[in-house]
Amino acid sequence: MRKFTLMAVMTMTIGIAGWAIANSAASAQSIEVSFSLKDRQVITNFFAGSGGGEQDGQGKGKKKKKNKGAGNQGIPPGLAKKGGALPPGIAKRQLPNNLLSQLPPPPQGYERVIVDKDILLVHIATQVVHDVLDHVLN
């Protein structure tokens with residue numbers, strides 16, 4: 001009887017813990033998180049001005065060779081909006097350090113990433129896109 005009671009308590013504890021984790025992940029997706037007006041201005045000014053250059057730090061005078069048929073094909077059309085999850089394996093890049101130093105840290109559990117020519121605000125655990133700055137990079 002004692003063994004049965006112990007098993008029942010353990011099963012309930014594991015079930016409650018699993019529900020709590022699933023519930024916190026679901027609530028993380030429903031939180032309204034977006035780029036602030038200041039974030040938008042700093043990011044667009046950085047890439048529009050001479051400080052931005054290419055996403056990998058090259059100056060505006062240098063052009064990258066385009067390798068047709070290879071590499072990232074951009075964000076799938078349905079994900080250009082908030083609420084979609086990034087597919088596994090999509091090419092994401094970090095923002096340049098000299099831009100990161102001008103921005104406040106993103107909300108806890110979120111990251112700003114470059115995908116194709118867009119800057120995304122993504123929930124790290126779920127990869128759900130919460131905000132998009134379209135065509136910031138040229």
# chains A, B, ... in the order shown; residues from 1 in each chain; ligands from 1
>>> residues_around(residues="Val136 of chain A", least_positions_apart="3", cutoff="8 Å", atoms="only C-alpha atoms", output="list in words")
Ile43, Thr44, Phe47, Ala48, Lys117, Asp118, Ile119 and Leu133 of chain A
>>> residues_around(residues="Gly83 of chain A", least_positions_apart="6", cutoff="8 Å", atoms="only C-alpha atoms", output="list in words")
Val128, Val129 and His130 of chain A
>>> write_last_selection(atoms="C-alpha atoms", output="PDB file, in the first residue's frame")
ATOM      1  CA  VAL A 128       8.109  32.095 -32.632  1.00  0.00           C
ATOM      2  CA  VAL A 129       8.560  35.425 -34.439  1.00  0.00           C
ATOM      3  CA  HIS A 130       7.167  38.279 -32.337  1.00  0.00           C
TER       4      HIS A 130
END
>>> closest_residue(among="A:Ser101, A:Gln94, A:Pro107, A:His135", to="His123 of chain A", atoms="only C-alpha atoms")
A:Pro107
>>> atom_distance(atom1="atom CA of Asn45 of chain A", atom2="atom CA of Leu99 of chain A")
10.1 Å
>>> residues_around(residues="Gly109 of chain A", least_positions_apart="3", cutoff="9 Å", atoms="only C-alpha atoms", output="list of chain:residue names")
A:Ala28, A:Pro106, A:Val122, A:His123, A:Ile124, A:Ala125
>>> atom_distance(atom1="atom CA of Val132 of chain A", atom2="atom CA of Leu95 of chain A")
13.9 Å
>>> atom_distance(atom1="atom CA of Lys38 of chain A", atom2="atom CA of Gly84 of chain A")
24.2 Å
>>> closest_residue(among="A:Glu32, A:Val113, A:Ala91, A:Leu137", to="Phe46 of chain A", atoms="only C-alpha atoms")
A:Leu137
>>> closest_residue(among="A:Asn138, A:Ala85, A:Gly49, A:Ser36", to="Asp116 of chain A", atoms="only C-alpha atoms")
A:Asn138
>>> closest_residue(among="A:Gln127, A:Tyr110, A:Pro87, A:Leu100", to="Ser34 of chain A", atoms="only C-alpha atoms")
A:Tyr110
